[in-house]
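S.K.: Below is a structure I'd like to ask you about.
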Amino acid sequence: MWVIAGVLLGLVVLASLLGFHVGPHVHGLAGLLGLVAAGWLLFMAVDGRSEPVLWVLLSADLVVSAGAGLMTWKALTTPPPVGSSHAMTSPQGAEGVAVGDLDPRGIVRVNSEEWSAESTNGFIPRGTRVQVIGGSGVRLEVWGEEAVPDTQGSLGAGRGGPGGGAETGQDSGSRPTGVESERHGS
């Protein structure tokens with residue numbers, strides 16, 4: 001009989017703790033299991049197994065069961081605060097700003113939230129306005145308005161390294177710009 005009481009009380013405690021992670025319905029289950037355990041403990045008391053530990057366990061069980069039931073009732077009957085939303089809204093198409101350099105990955109602020117991001121059009125300096133064009137999981141794909149183009153085929157390599165075009169004034173490795181276009185006679 002004590003084994004059954006121990007198993008029931010263990011399930012009450014487990015369901016009570018699990019309810020904090022899973023949600024209020026599991027707290028409701030803990031409350032119901034607590035009532036079953038209380039009934040079993042009372043049956044044991046009536047059957048003549050009235051030991052002091054039984055009354056301590058019964059008292060603790062009733063307190064935990066009442067607490068779990070109260071948490072269930074409160075969570076299921078209280079409406080969410082006005083203006084809150086539990087649904088995730090996609091930031092796709094939203095504009096934001098680069099919090100740090102994106103080379104090609106970094107942090108952006110979109111809709112007052114900071115996100116991990118990856119640039120799709122080259123190096124994006126800190127403070128540059130970006131637009132969200134996609135995303136996967138918690139990482140956004142962004143397009144920077146003032147991105148430095150990638151000329152080597154891998155993001156971040158075309159900002160002035162050997163063959164990157166920065167020494168010659170070339171943009172994207174093939175088209176002369178500025179003074180270079182006058183030198184080439186185009």
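Residue numbering restarts at 1 for every chain of the structure tokens, chains are lettered A, B, ... in their displayed order, and ligands are numbered from 1 as they appear.
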Contacts of A:Thr128 at 10 Å or less, counting only C-alpha atoms, minus same-chain residues fewer than 5 places along, as a PyMOL selection string?
M.R.: chain A and resi 96-102+108+144-147
S.K.: Do you know which residues are at most 10 Å from stretch 61-76 of chain A counting only C-alpha atoms, after dropping those on the same chain fewer than 3 positions away, and could you put them as number ranges by chain?
M.R.: A: 8-9, 12-13, 15-17, 19-20, 23-38, 41, 55-58, 79-80
S.K.: How would the residues just picked look written out with N, CA and C atoms as an mmCIF file, in the first residue's frame?
M.R.:
data_model
loop_
_atom_site.group_PDB
_atom_site.id
_atom_site.type_symbol
_atom_site.label_atom_id
_atom_site.label_comp_id
_atom_site.auth_asym_id
_atom_site.auth_seq_id
_atom_site.Cartn_x
_atom_site.Cartn_y
_atom_site.Cartn_z
ATOM 1 N N LEU A 8 2.021 7.341 -6.524
ATOM 2 C CA LEU A 8 1.047 8.419 -6.775
ATOM 3 C C LEU A 8 1.621 9.787 -6.398
ATOM 4 N N LEU A 9 2.255 9.869 -5.242
ATOM 5 C CA LEU A 9 2.831 11.144 -4.814
ATOM 6 C C LEU A 9 3.985 11.561 -5.726
ATOM 7 N N VAL A 12 2.471 13.060 -8.755
ATOM 8 C CA VAL A 12 1.967 14.407 -8.470
ATOM 9 C C VAL A 12 3.100 15.427 -8.562
ATOM 10 N N VAL A 13 4.221 15.120 -7.930
ATOM 11 C CA VAL A 13 5.365 16.039 -7.949
ATOM 12 C C VAL A 13 5.910 16.180 -9.369
ATOM 13 N N ALA A 15 4.349 15.717 -12.288
ATOM 14 C CA ALA A 15 3.415 16.476 -13.119
ATOM 15 C C ALA A 15 3.416 17.955 -12.734
ATOM 16 N N SER A 16 3.567 18.249 -11.450
ATOM 17 C CA SER A 16 3.621 19.656 -11.027
ATOM 18 C C SER A 16 4.833 20.360 -11.620
ATOM 19 N N LEU A 17 5.978 19.712 -11.575
ATOM 20 C CA LEU A 17 7.189 20.307 -12.142
ATOM 21 C C LEU A 17 7.130 20.366 -13.659
ATOM 22 N N GLY A 19 4.572 20.701 -15.454
ATOM 23 C CA GLY A 19 3.602 21.722 -15.845
ATOM 24 C C GLY A 19 4.226 23.076 -16.099
ATOM 25 N N PHE A 20 5.349 23.389 -15.436
ATOM 26 C CA PHE A 20 6.010 24.664 -15.663
ATOM 27 C C PHE A 20 6.616 24.717 -17.062
ATOM 28 N N GLY A 23 2.889 23.340 -19.685
ATOM 29 C CA GLY A 23 1.754 24.250 -19.663
ATOM 30 C C GLY A 23 0.734 23.889 -18.603
ATOM 31 N N PRO A 24 -0.327 24.685 -18.535
ATOM 32 C CA PRO A 24 -1.294 24.556 -17.445
ATOM 33 C C PRO A 24 -2.096 23.262 -17.460
ATOM 34 N N HIS A 25 -2.227 22.618 -18.606
ATOM 35 C CA HIS A 25 -2.993 21.374 -18.624
ATOM 36 C C HIS A 25 -2.301 20.279 -17.804
ATOM 37 N N VAL A 26 -0.988 20.291 -17.783
ATOM 38 C CA VAL A 26 -0.257 19.301 -16.991
ATOM 39 C C VAL A 26 -0.392 19.621 -15.503
ATOM 40 N N HIS A 27 -0.495 20.903 -15.161
ATOM 41 C CA HIS A 27 -0.773 21.244 -13.766
ATOM 42 C C HIS A 27 -2.146 20.706 -13.363
ATOM 43 N N GLY A 28 -3.103 20.755 -14.288
ATOM 44 C CA GLY A 28 -4.420 20.186 -14.018
ATOM 45 C C GLY A 28 -4.328 18.689 -13.762
ATOM 46 N N LEU A 29 -3.494 18.015 -14.560
ATOM 47 C CA LEU A 29 -3.268 16.583 -14.347
ATOM 48 C C LEU A 29 -2.652 16.341 -12.966
ATOM 49 N N ALA A 30 -1.720 17.201 -12.564
ATOM 50 C CA ALA A 30 -1.109 17.071 -11.237
ATOM 51 C C ALA A 30 -2.161 17.219 -10.144
ATOM 52 N N GLY A 31 -3.072 18.163 -10.326
ATOM 53 C CA GLY A 31 -4.139 18.340 -9.346
ATOM 54 C C GLY A 31 -5.034 17.114 -9.242
ATOM 55 N N LEU A 32 -5.378 16.532 -10.397
ATOM 56 C CA LEU A 32 -6.210 15.329 -10.384
ATOM 57 C C LEU A 32 -5.476 14.142 -9.771
ATOM 58 N N LEU A 33 -4.202 13.975 -10.119
ATOM 59 C CA LEU A 33 -3.413 12.905 -9.508
ATOM 60 C C LEU A 33 -3.304 13.115 -7.995
ATOM 61 N N GLY A 34 -3.202 14.372 -7.587
ATOM 62 C CA GLY A 34 -3.145 14.673 -6.159
ATOM 63 C C GLY A 34 -4.409 14.275 -5.434
ATOM 64 N N LEU A 35 -5.562 14.471 -6.085
ATOM 65 C CA LEU A 35 -6.817 14.044 -5.470
ATOM 66 C C LEU A 35 -6.891 12.516 -5.358
ATOM 67 N N VAL A 36 -6.396 11.829 -6.388
ATOM 68 C CA VAL A 36 -6.370 10.363 -6.331
ATOM 69 C C VAL A 36 -5.437 9.912 -5.201
ATOM 70 N N ALA A 37 -4.275 10.548 -5.088
ATOM 71 C CA ALA A 37 -3.330 10.192 -4.022
ATOM 72 C C ALA A 37 -3.936 10.476 -2.648
ATOM 73 N N ALA A 38 -4.643 11.609 -2.532
ATOM 74 C CA ALA A 38 -5.281 11.923 -1.250
ATOM 75 C C ALA A 38 -6.332 10.874 -0.904
ATOM 76 N N LEU A 41 -4.498 7.813 0.319
ATOM 77 C CA LEU A 41 -3.968 8.002 1.674
ATOM 78 C C LEU A 41 -5.088 7.936 2.708
ATOM 79 N N TRP A 55 -0.219 11.284 7.708
ATOM 80 C CA TRP A 55 -0.893 12.580 7.798
ATOM 81 C C TRP A 55 -0.016 13.700 7.240
ATOM 82 N N VAL A 56 1.290 13.574 7.400
ATOM 83 C CA VAL A 56 2.206 14.563 6.815
ATOM 84 C C VAL A 56 2.138 14.485 5.301
ATOM 85 N N LEU A 57 2.162 13.262 4.762
ATOM 86 C CA LEU A 57 2.083 13.095 3.311
ATOM 87 C C LEU A 57 0.745 13.583 2.761
ATOM 88 N N LEU A 58 -0.336 13.293 3.495
ATOM 89 C CA LEU A 58 -1.657 13.749 3.064
ATOM 90 C C LEU A 58 -1.722 15.275 3.044
ATOM 91 N N PRO A 79 -7.295 36.066 -19.410
ATOM 92 C CA PRO A 79 -7.007 36.393 -20.814
ATOM 93 C C PRO A 79 -5.593 36.972 -20.937
ATOM 94 N N PRO A 80 -4.970 36.816 -22.113
ATOM 95 C CA PRO A 80 -3.642 37.396 -22.306
ATOM 96 C C PRO A 80 -3.716 38.917 -22.262
#
S.K.: Atom CA of A:Val3 and atom CA of A:Ala60, how far apart in Å?
M.R.: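 Computed distance, atom CA of A:Ala60 to atom CA of A:Val3, equals 17.1 Å.
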S.K.: Would you list, as JSON, numbers by chain, the residues of stretch 37-121 of chain A that end up in strand (DSSP E) under DSSP run on this structure's backbone?
M.R.: {"A": [95, 96, 97, 98, 105, 106, 107, 108, 109, 110, 113, 114, 115, 116, 117, 118, 119]}
S.K.: Can those selected residues be exported to a file as a PDB file, in the first residue's frame so that it contains N, CA and C atoms?
M.R.:
ATOM      1  N   GLU A  95      12.206  46.407 -42.440  1.00  0.00           N
ATOM      2  CA  GLU A  95      13.492  47.093 -42.502  1.00  0.00           C
ATOM      3  C   GLU A  95      14.082  47.185 -41.110  1.00  0.00           C
ATOM      4  N   GLY A  96      15.407  47.235 -41.061  1.00  0.00           N
ATOM      5  CA  GLY A  96      16.099  47.336 -39.796  1.00  0.00           C
ATOM      6  C   GLY A  96      17.449  47.981 -39.996  1.00  0.00           C
ATOM      7  N   VAL A  97      18.333  47.774 -39.018  1.00  0.00           N
ATOM      8  CA  VAL A  97      19.666  48.370 -39.072  1.00  0.00           C
ATOM      9  C   VAL A  97      20.682  47.346 -38.570  1.00  0.00           C
ATOM     10  N   ALA A  98      21.864  47.358 -39.172  1.00  0.00           N
ATOM     11  CA  ALA A  98      22.931  46.461 -38.751  1.00  0.00           C
ATOM     12  C   ALA A  98      23.502  46.968 -37.427  1.00  0.00           C
ATOM     13  N   ARG A 105      28.048  37.350 -41.671  1.00  0.00           N
ATOM     14  CA  ARG A 105      27.078  37.184 -40.588  1.00  0.00           C
ATOM     15  C   ARG A 105      27.294  38.226 -39.508  1.00  0.00           C
ATOM     16  N   GLY A 106      26.202  38.553 -38.828  1.00  0.00           N
ATOM     17  CA  GLY A 106      26.265  39.505 -37.740  1.00  0.00           C
ATOM     18  C   GLY A 106      24.898  39.658 -37.101  1.00  0.00           C
ATOM     19  N   ILE A 107      24.692  40.795 -36.437  1.00  0.00           N
ATOM     20  CA  ILE A 107      23.449  41.053 -35.715  1.00  0.00           C
ATOM     21  C   ILE A 107      22.765  42.270 -36.335  1.00  0.00           C
ATOM     22  N   VAL A 108      21.438  42.171 -36.498  1.00  0.00           N
ATOM     23  CA  VAL A 108      20.633  43.287 -36.982  1.00  0.00           C
ATOM     24  C   VAL A 108      19.497  43.531 -36.005  1.00  0.00           C
ATOM     25  N   ARG A 109      18.978  44.744 -36.009  1.00  0.00           N
ATOM     26  CA  ARG A 109      17.807  45.088 -35.189  1.00  0.00           C
ATOM     27  C   ARG A 109      16.644  45.327 -36.138  1.00  0.00           C
ATOM     28  N   VAL A 110      15.595  44.500 -35.991  1.00  0.00           N
ATOM     29  CA  VAL A 110      14.399  44.596 -36.822  1.00  0.00           C
ATOM     30  C   VAL A 110      13.202  44.604 -35.889  1.00  0.00           C
ATOM     31  N   GLU A 113      13.801  44.240 -32.197  1.00  0.00           N
ATOM     32  CA  GLU A 113      14.348  42.974 -31.730  1.00  0.00           C
ATOM     33  C   GLU A 113      15.669  42.714 -32.436  1.00  0.00           C
ATOM     34  N   GLU A 114      16.620  42.132 -31.711  1.00  0.00           N
ATOM     35  CA  GLU A 114      17.902  41.807 -32.321  1.00  0.00           C
ATOM     36  C   GLU A 114      17.866  40.377 -32.839  1.00  0.00           C
ATOM     37  N   TRP A 115      18.363  40.201 -34.069  1.00  0.00           N
ATOM     38  CA  TRP A 115      18.356  38.921 -34.754  1.00  0.00           C
ATOM     39  C   TRP A 115      19.744  38.609 -35.280  1.00  0.00           C
ATOM     40  N   SER A 116      20.077  37.321 -35.380  1.00  0.00           N
ATOM     41  CA  SER A 116      21.251  36.897 -36.137  1.00  0.00           C
ATOM     42  C   SER A 116      20.891  37.059 -37.600  1.00  0.00           C
ATOM     43  N   ALA A 117      21.847  37.509 -38.388  1.00  0.00           N
ATOM     44  CA  ALA A 117      21.547  37.753 -39.798  1.00  0.00           C
ATOM     45  C   ALA A 117      22.737  37.394 -40.664  1.00  0.00           C
ATOM     46  N   GLU A 118      22.441  37.164 -41.926  1.00  0.00           N
ATOM     47  CA  GLU A 118      23.470  36.906 -42.920  1.00  0.00           C
ATOM     48  C   GLU A 118      23.191  37.788 -44.127  1.00  0.00           C
ATOM     49  N   SER A 119      24.218  38.489 -44.563  1.00  0.00           N
ATOM     50  CA  SER A 119      24.101  39.373 -45.716  1.00  0.00           C
ATOM     51  C   SER A 119      24.088  38.554 -46.996  1.00  0.00           C
TER      52      SER A 119
END
S.K.: Which value, in Å to one decimal, gives the distance between atom CA of A:Ile124 and atom CA of A:Ala94?
M.R.: 16.9 Å
S.K.: Quick one: distance from atom CA of A:Gly134 to atom CA of A:Val148 in Å, one decimal?
M.R.: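 These two atoms are separated by 19.9 Å.
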S.K.: Neighbouring residues of A:Phe43 were defined as those with any atom within 12 Å, considering only C-alpha atoms; residues of the same chain fewer than 3 positions away were excluded. Please report them as a PyMOL selection string.
M.R.: chain A and resi 1-2+4-5+36-40+46-50+54-55+58
S.K.: Could you dump the residues just selected with N, CA and C atoms as a CSV table (one decimal), in the first residue's frame?
M.R.:
chain,number,residue,atom,x,y,z
A,1,MET,N,0.8,-1.2,0.0
A,1,MET,CA,0.0,0.0,0.0
A,1,MET,C,0.9,1.3,0.0
A,2,TRP,N,2.0,1.2,0.7
A,2,TRP,CA,2.8,2.4,0.8
A,2,TRP,C,3.5,2.6,-0.6
A,4,ILE,N,2.2,2.1,-3.5
A,4,ILE,CA,1.2,2.7,-4.4
A,4,ILE,C,1.1,4.2,-4.0
A,5,ALA,N,1.1,4.5,-2.7
A,5,ALA,CA,1.1,5.9,-2.2
A,5,ALA,C,2.3,6.6,-2.7
A,36,VAL,N,-6.4,11.8,-6.4
A,36,VAL,CA,-6.4,10.4,-6.3
A,36,VAL,C,-5.4,9.9,-5.2
A,37,ALA,N,-4.3,10.5,-5.1
A,37,ALA,CA,-3.3,10.2,-4.0
A,37,ALA,C,-3.9,10.5,-2.6
A,38,ALA,N,-4.6,11.6,-2.5
A,38,ALA,CA,-5.3,11.9,-1.2
A,38,ALA,C,-6.3,10.9,-0.9
A,39,GLY,N,-7.1,10.5,-1.9
A,39,GLY,CA,-8.1,9.4,-1.7
A,39,GLY,C,-7.4,8.1,-1.2
A,40,TRP,N,-6.3,7.8,-1.8
A,40,TRP,CA,-5.6,6.5,-1.5
A,40,TRP,C,-5.0,6.7,0.0
A,46,VAL,N,-8.2,4.8,6.9
A,46,VAL,CA,-9.4,4.1,7.4
A,46,VAL,C,-9.1,2.6,7.5
A,47,ASP,N,-8.1,2.1,6.8
A,47,ASP,CA,-7.8,0.7,6.8
A,47,ASP,C,-6.9,0.4,8.0
A,48,GLY,N,-6.5,1.4,8.8
A,48,GLY,CA,-5.8,1.1,10.0
A,48,GLY,C,-4.3,1.4,9.9
A,49,ARG,N,-3.9,2.0,8.9
A,49,ARG,CA,-2.4,2.3,8.7
A,49,ARG,C,-2.2,3.8,9.1
A,50,SER,N,-2.8,4.2,10.1
A,50,SER,CA,-2.7,5.6,10.5
A,50,SER,C,-1.5,5.9,11.3
A,54,LEU,N,1.8,9.3,7.4
A,54,LEU,CA,0.6,9.3,6.5
A,54,LEU,C,0.0,10.7,6.5
A,55,TRP,N,-0.2,11.3,7.7
A,55,TRP,CA,-0.9,12.6,7.8
A,55,TRP,C,0.0,13.7,7.2
A,58,LEU,N,-0.3,13.3,3.5
A,58,LEU,CA,-1.7,13.7,3.1
A,58,LEU,C,-1.7,15.3,3.0
S.K.: Extract the full set of alpha helix (DSSP H) residues from stretch 11-136 of chain A according to DSSP on the backbone, and format it as a ChimeraX atom specification.
M.R.: /A:11-22,24-46,52-77
